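J.: One structure is given below, represented as structure tokens, and several questions about it will come after.
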Amino acid sequence: MTIPPLVNSRISILHVLVVALSMALTFSAWHFSKKQAESRIEQRFDASRDHIVGLLRDRMLKYEDALWAGVAAMESHDGDMTRAQWRTFATHLRIDEKYPGINGIGVIHFLSDQSLNTYLDQRRSEQPNFNIFPPHDHPTYMPISFIEPEEINAAAVGLDVAHELNRRTAALASRDTGDAQITGPIVLVQDAGAMPGFLFYAPFYRGGVPTELGDRQNRIDGVVYAPFVVRKLLDGLLAKDLRHTSISISDAGQTIYDEHSSAEDLHDPAPMFTEEVQLNFYGRSWTLDIRSNLAFRENNSYVQPTVILVGGIVIEALILSLLIMMARANRNAVAYADKVTEDLRIEQQKLVRSNEELERYAYAASHDLKTPIRGIGGLTEMLKEDLEDYLSSPGANPEIAMSLDLILDRVQRMTDLTNGIIEFSRVGAQSEDCSPLDLSELITSLASDFGLASHQVELNSSVNAVSVDPVGLRRVIENLVGNAVKYHEAVADLRIFITCQKTSDFLQFSVADNGPGIDQKYHDRIFEMFQTLRTGDAPESTGVGLAVVKKAVEVHGGEVKLISNIGAGARFFFQWPKDPKSDVVQGARVAA
Amino acid sequence: MNILLVEDDDVDVLLFQRALRTTGTSSSVVRAKDGVEALEILNEQNADRRVQDPYVILLDINMPRMNGHEFLKELRASEHLASSRVVVVTTSDDPRDIELAYGNYASGYVVKPGGSAEMTEVIKSLQQYWDICEHPVRPIALQAP
């Protein structure tokens with residue numbers, strides 16, 4: 001699959017997919033973690049809320065129990081306890097210790113006009129300045145008879161709770177239901193701070209517990225009550241600084257307790273959670289507005305999702321920059337490789353061109369040299385012909401004939417050299433449309449060309465004919481055979497053995513002779529141009545032949561090697577490309 | 001034997017004339033130094049030098065101004081000269097030259113001999129060729145080569 005490239009042709013769609021997928025994973029992890037954290041925090045808030053509501057309920061139950069204890073005490077005294085007896089009861093109740101938040105516990109008697117005087121006598125016998133106040137129009141009197149501890153509640157003793165609607169309504173409801181009841185919001189007379197409060201009533205009856213409404217109304221003796229300042233109640237409930245929520249309470253739309261003020265230390269102007277809970281008890285419906293505060297925020301601020309998000313984004317950025325860097329490095333590398341390749345190509349072209357120029361130059365120069373050389377030769381011959389009579393005369397100077405012969409000899413050598421250069425420069429310029437080189441025909445014609453007897457050249461070949469550059473191969477074998485002939489001192493004894501073996505990659509040739517051999521120290525030099533082991537005067541030695549052989553073999557990727565020692569003949573090895581078409585292997589041993 | 005010798009090298013001309021002399025060949029030789037001069041002579045633009053009919057052209061390849069191949073091409077393109085007999089005599093043994101020469105209907109291709117003895121043989125062969133030739137007479141009707 002090829003990936004279509006995008007930016008600058010190097011950042012692929014795959015790269016973009018990797019980054020996008022990774023981004024998606026990061027956001028999912030962030031989202032999941034955030035949801036989990038939020039859910040955990042919400043659970044904490046719910047627990048906090050349930051805790052404070054539970055505490056409030058439990059506390060009210062405890063107070064109710066205290067009231068019922070008072071009721072029990074009153075009823076056990078037939079509704080007629082003295083101030084001292086009530087003090088004893090209240091003292092044993094250990095209000096301060098056991099009932100934090102309660103302002104006191106007291107008794108309210110229900111009186112009619114008939115019973116009023118008896119009651120007043122009785123009270124004043126214990127407390128001479130006892131008075132019922134304030135006056136009101138309601139037929140029933142509900143004075144506070146006792147309240148303990150009396151010191152802080154003195155202002156309440158004698159207060160007729162029937163004078164005021166909230167106090168009276170709850171008291172009557174308590175009478176009529178036989179249950180504990182609380183009043184709506186009031187301000188306690190004994191509270192100099194005039195803070196919102198309420199009274200908590202539990203009724204006691206004469207002659208046992210009545211079950212009917214009428215019965216209750218007839219036999220009501222009074223209520224045991226406890227006054228509360230809401231603030232004190234809540235303070236005792238749970239220290240504010242230990243809570244993670246703040247609370248406000250309202251009764252029938254009137255706020256009786258409020259912690260949601262900016263003056264509060266832990267006030268959170270934008271709370272994380274808020275919830276309203278309706279608390280229906282003791283004849284009232286309280287609305288609890290519960291909000292998380294700063295302590296909650298502090299304890300529940302979550303960083304994990306943010307860390308995940310930021311970490312993820314940082315990793316994405318790193319991956320992205322890594323990809324970009326990789327793409328850039330890749331681009332640079334490719335550009336560099338392209339440049340190097342291009343440089344090499346140009347260099348190679350230059351070399352090829354320069355080589356071709358050199359060969360063309362050598363060819364042209366040799367060609368142009370041919371004409372003047374021929375001219376010198378021709379003129380010398382003419383001179384020799386013209387001087388024939390003189391040269392054959394007895395008085396002739398023999399040096400003239402010798403000089404003319406030397407000129408002709410040098411002309412011949414020069415012709416050979418220029419021909420050699422031309423031949424060398426032609427190597428590699430393969431002529432096309434040549435018929436394959438038949439090896440047995442080749443050695444026959446070579447033997448004839450070099451004036452050898454047919455048995456002097458032997459061929460042992462596994463192929464019959466070679467079709468790859470037959471002209472070049474002929475040139476190579478011709479030169480090697482020519483070399484053998486040239487350097488053999490007694491040509492009649494010369495033997496040449498040519499072999500050709502087919503290997504998996506190429507044809508392996510060898511041309512061996514029984515000549516004088518070549519000293520190993522010359523093995524490299526003999527393949528160089530114009531290098532000859534003969535002295536300058538010896539004929540037919542231009543030093544081109546083996547250079548031509550080497551070049552022709554190397555043009556086809558082969559290599560020429562020589563095994564030879566002085567006096568032990570010479571054996572040249574070289575490789576030639578296989579004919580790609582013919583694969584017929586035939587053993588043949590042919591003598592020319 | 002009437003010969004138009006197109007040859008830039010004076011020594012070769014000397015060698016050729018000597019060989020004619022040596023063999024005792026009766027001939028008239030007109031020499032042109034290159035293709036341009038040869039065409040001028042053939043087209044009778046040169047009042048002094050005229051080649052007699054019938055004639056054979058001995059043509060060198062490597063010459064200044066117009067070489068042998070160019071000359072041969074012009075010749076074959078000319079209406080009244082197209083069927084002239086041409087034997088190439090040159091130092092070049094390059095297969096490309098040989099191919100090109102025969103491609104332009106040369107009658108023969110001779111690599112210049114090394115010495116005067118060989119030149120004598122060439123002259124003899126040329127004489128034999130002349131003798132058996134049916135020489136066209138100018139003007140020659142245009143015919144497809």
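Labels for the structure tokens follow display order: chains A, B, ..., residues from 1 in each chain, ligands from 1.
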Return the neighbours of chain A among the residues of chain B, cut-off 7 Å, counting only C-alpha atoms, as a list in words.

T.: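 Therefore, the residues near the partner are Val11, Asp12, Leu15, Gly115 and Ser116 of chain B.
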
J.: Next, the residues of the selection above should be written as a PDB file, in the first residue's frame with N, CA and C atoms.

T.:
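What follows is the written file part-v3.pdb:
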ATOM      1  N   VAL B  11      52.270  13.172 -52.559  1.00  0.00           N
ATOM      2  CA  VAL B  11      53.126  11.981 -52.625  1.00  0.00           C
ATOM      3  C   VAL B  11      52.365  10.809 -53.221  1.00  0.00           C
ATOM      4  N   ASP B  12      51.092  10.673 -52.774  1.00  0.00           N
ATOM      5  CA  ASP B  12      50.265   9.591 -53.313  1.00  0.00           C
ATOM      6  C   ASP B  12      50.084   9.753 -54.826  1.00  0.00           C
ATOM      7  N   LEU B  15      53.299   8.617 -56.406  1.00  0.00           N
ATOM      8  CA  LEU B  15      53.371   7.149 -56.360  1.00  0.00           C
ATOM      9  C   LEU B  15      52.494   6.536 -57.434  1.00  0.00           C
ATOM     10  N   GLY B 115      53.550   0.024 -50.465  1.00  0.00           N
ATOM     11  CA  GLY B 115      54.702   0.419 -51.260  1.00  0.00           C
ATOM     12  C   GLY B 115      54.400   0.435 -52.754  1.00  0.00           C
ATOM     13  N   SER B 116      55.404   0.778 -53.538  1.00  0.00           N
ATOM     14  CA  SER B 116      55.160   0.947 -54.970  1.00  0.00           C
ATOM     15  C   SER B 116      54.895  -0.380 -55.656  1.00  0.00           C
TER      16      SER B 116
END

J.: Give me, as an mmCIF file with C-alpha atoms, in the first residue's frame, all polymer residues having an atom no more than 6 Å from segment 188-192 of chain A, counting only C-alpha atoms and skipping those fewer than 4 positions away in the same chain.

T.:
data_model
loop_
_atom_site.group_PDB
_atom_site.id
_atom_site.type_symbol
_atom_site.label_atom_id
_atom_site.label_comp_id
_atom_site.auth_asym_id
_atom_site.auth_seq_id
_atom_site.Cartn_x
_atom_site.Cartn_y
_atom_site.Cartn_z
ATOM 1 C CA ASN A 153 -33.616 31.938 81.194
ATOM 2 C CA ALA A 155 -36.615 36.507 81.466
ATOM 3 C CA ALA A 156 -38.810 33.684 80.287
#

J.: Could you please determine the separation between atom CA of Met195 of chain A and atom CA of Lys232 of chain A in Å, to one decimal place?

T.: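 Atom-to-atom, atom CA of Met195 of chain A to atom CA of Lys232 of chain A, that is 9.8 Å.
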
J.: Provide the atom CA of Arg123 of chain A to atom CA of Pro139 of chain A distance in Å, to one decimal place.

T.: 20.3 Å

J.: Could you check which of B:Arg18, B:His135, B:Lys33, B:Arg49 is closest to Met63 of chain B, using only C-alpha atoms?

T.: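 With only C-alpha atoms as the atom set, the closest residue is B:Lys33.
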
J.: Show which residues sit within 10 Å of Cys133 of chain B, as number ranges by chain. Count only C-alpha atoms, and ignore same-chain residues fewer than 6 positions away.

T.: B: 56, 85, 127

J.: Would you return as a PyMOL selection string the members of chain B that DSSP assigns to alpha helix (DSSP H) on this structure's backbone?

T.: chain B and resi 10-23+35-42+68-77+95-103+116-132

J.: Can you tell me which residues surround Thr25 of chain B at a distance of at most 9 Å, considering only C-alpha atoms, apart from same-chain residues fewer than 3 positions away, and format the answer as a ChimeraX atom specification?

T.: /B:1,19-22,123-124,127

J.: What gap, in Å, lies between atom CA of Ser403 of chain A and atom CA of Pro113 of chain B?

T.: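 Rounded to one decimal, the two atoms are 22.3 Å apart.
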
J.: Which of these, B:Leu14, B:Val89, B:Val110, B:Ala101, has the shortest distance to Leu59 of chain B once you count only C-alpha atoms?

T.: B:Val89

J.: So which residues touch Ile61 of chain B within 8 Å, counting only C-alpha atoms, skipping near sequence neighbours fewer than 5 positions away, as a ChimeraX atom specification?

T.: /B:67-69,88-90,92

J.: Could you take the residues named above and write them with C-alpha atoms, as a short mmCIF file (atom, residue, chain, number, x, y, z; two decimals), in the first residue's frame?

T.:
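Generated output (out-v3.cif):
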data_model
loop_
_atom_site.label_atom_id
_atom_site.label_comp_id
_atom_site.auth_asym_id
_atom_site.auth_seq_id
_atom_site.Cartn_x
_atom_site.Cartn_y
_atom_site.Cartn_z
CA ASN B 67 35.57 14.62 -48.48
CA GLY B 68 35.07 11.49 -50.52
CA HIS B 69 31.72 10.54 -49.00
CA VAL B 88 37.61 4.39 -53.64
CA VAL B 89 41.35 4.38 -52.85
CA THR B 90 42.04 5.41 -49.27
CA SER B 92 41.11 4.02 -44.09
#

J.: Go through A:Asp176, A:Asp389, A:Asp46, A:Asp579 and flag the residue nearest Val223 of chain A, using only C-alpha atoms for the distances.

T.: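 Of A:Asp176, A:Asp389, A:Asp46, A:Asp579, the one nearest Val223 of chain A, counting only C-alpha atoms, is A:Asp176.
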
J.: So that I can check the surroundings of Met272 of chain A, please list as a VMD selection string every protein, DNA and RNA residue that reaches within 8 Å of it, counting only C-alpha atoms and ignoring chain neighbours fewer than 5 positions away.

T.: chain A and resid 291 to 293 297

J.: With C-alpha atoms retained, export the selected residues as a short mmCIF file (atom, residue, chain, number, x, y, z; two decimals), in the first residue's frame.

T.:
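This is the output file again-v2.cif:
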data_model
loop_
_atom_site.label_atom_id
_atom_site.label_comp_id
_atom_site.auth_asym_id
_atom_site.auth_seq_id
_atom_site.Cartn_x
_atom_site.Cartn_y
_atom_site.Cartn_z
CA ARG A 291 -23.81 24.16 49.69
CA SER A 292 -20.23 23.03 49.32
CA ASN A 293 -17.73 25.47 50.81
CA ARG A 297 -13.34 22.78 47.03
#

J.: Looking only at strand (DSSP E) from DSSP on the backbone, list the matching residues of chain B as a ChimeraX atom specification.

T.: /B:2-6,28-32,56-59,85-90,108-111

J.: Convert the current residue selection to file output with C-alpha atoms, as a compact mmCIF listing (two decimals), in the first residue's frame.

T.:
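Result file result.txt:
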# COMPACT_ATOMS: atom_id res chain seq x y z
CA ASN B 2 40.87 8.04 -68.58
CA ILE B 3 41.23 8.77 -64.89
CA LEU B 4 39.96 11.53 -62.64
CA LEU B 5 42.21 11.20 -59.61
CA VAL B 6 40.64 12.91 -56.57
CA SER B 28 45.23 10.34 -69.28
CA VAL B 29 45.07 11.47 -65.70
CA VAL B 30 43.31 14.63 -64.46
CA ARG B 31 43.92 15.35 -60.81
CA ALA B 32 41.53 17.17 -58.44
CA VAL B 56 36.84 6.27 -64.00
CA ILE B 57 37.10 8.28 -60.78
CA LEU B 58 39.73 7.22 -58.23
CA LEU B 59 38.50 8.77 -54.98
CA ARG B 85 32.33 4.71 -62.18
CA VAL B 86 34.03 5.33 -58.87
CA VAL B 87 36.75 3.27 -57.15
CA VAL B 88 37.61 4.39 -53.64
CA VAL B 89 41.35 4.38 -52.85
CA THR B 90 42.04 5.41 -49.27
CA GLY B 108 35.42 -0.88 -55.60
CA TYR B 109 37.19 -0.09 -52.36
CA VAL B 110 40.97 -0.26 -52.19
CA VAL B 111 43.01 0.35 -49.05

J.: Give me the residues within 7 Å of segment 308-315 of chain A as a list in words, counting only C-alpha atoms and dropping any in the same chain fewer than 4 places off.

T.: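 What passes the distance filter is Thr26, Phe27, Trp30, Gln304 and Ile319 of chain A.
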
J.: Quick one: write out the picked residues with C-alpha atoms as an mmCIF file, in the first residue's frame?

T.:
data_model
loop_
_atom_site.group_PDB
_atom_site.id
_atom_site.type_symbol
_atom_site.label_atom_id
_atom_site.label_comp_id
_atom_site.auth_asym_id
_atom_site.auth_seq_id
_atom_site.Cartn_x
_atom_site.Cartn_y
_atom_site.Cartn_z
ATOM 1 C CA THR A 26 -5.932 11.585 25.277
ATOM 2 C CA PHE A 27 -9.303 13.317 25.164
ATOM 3 C CA TRP A 30 -9.274 13.063 30.074
ATOM 4 C CA GLN A 304 -5.564 14.137 37.512
ATOM 5 C CA ILE A 319 5.154 13.077 18.563
#
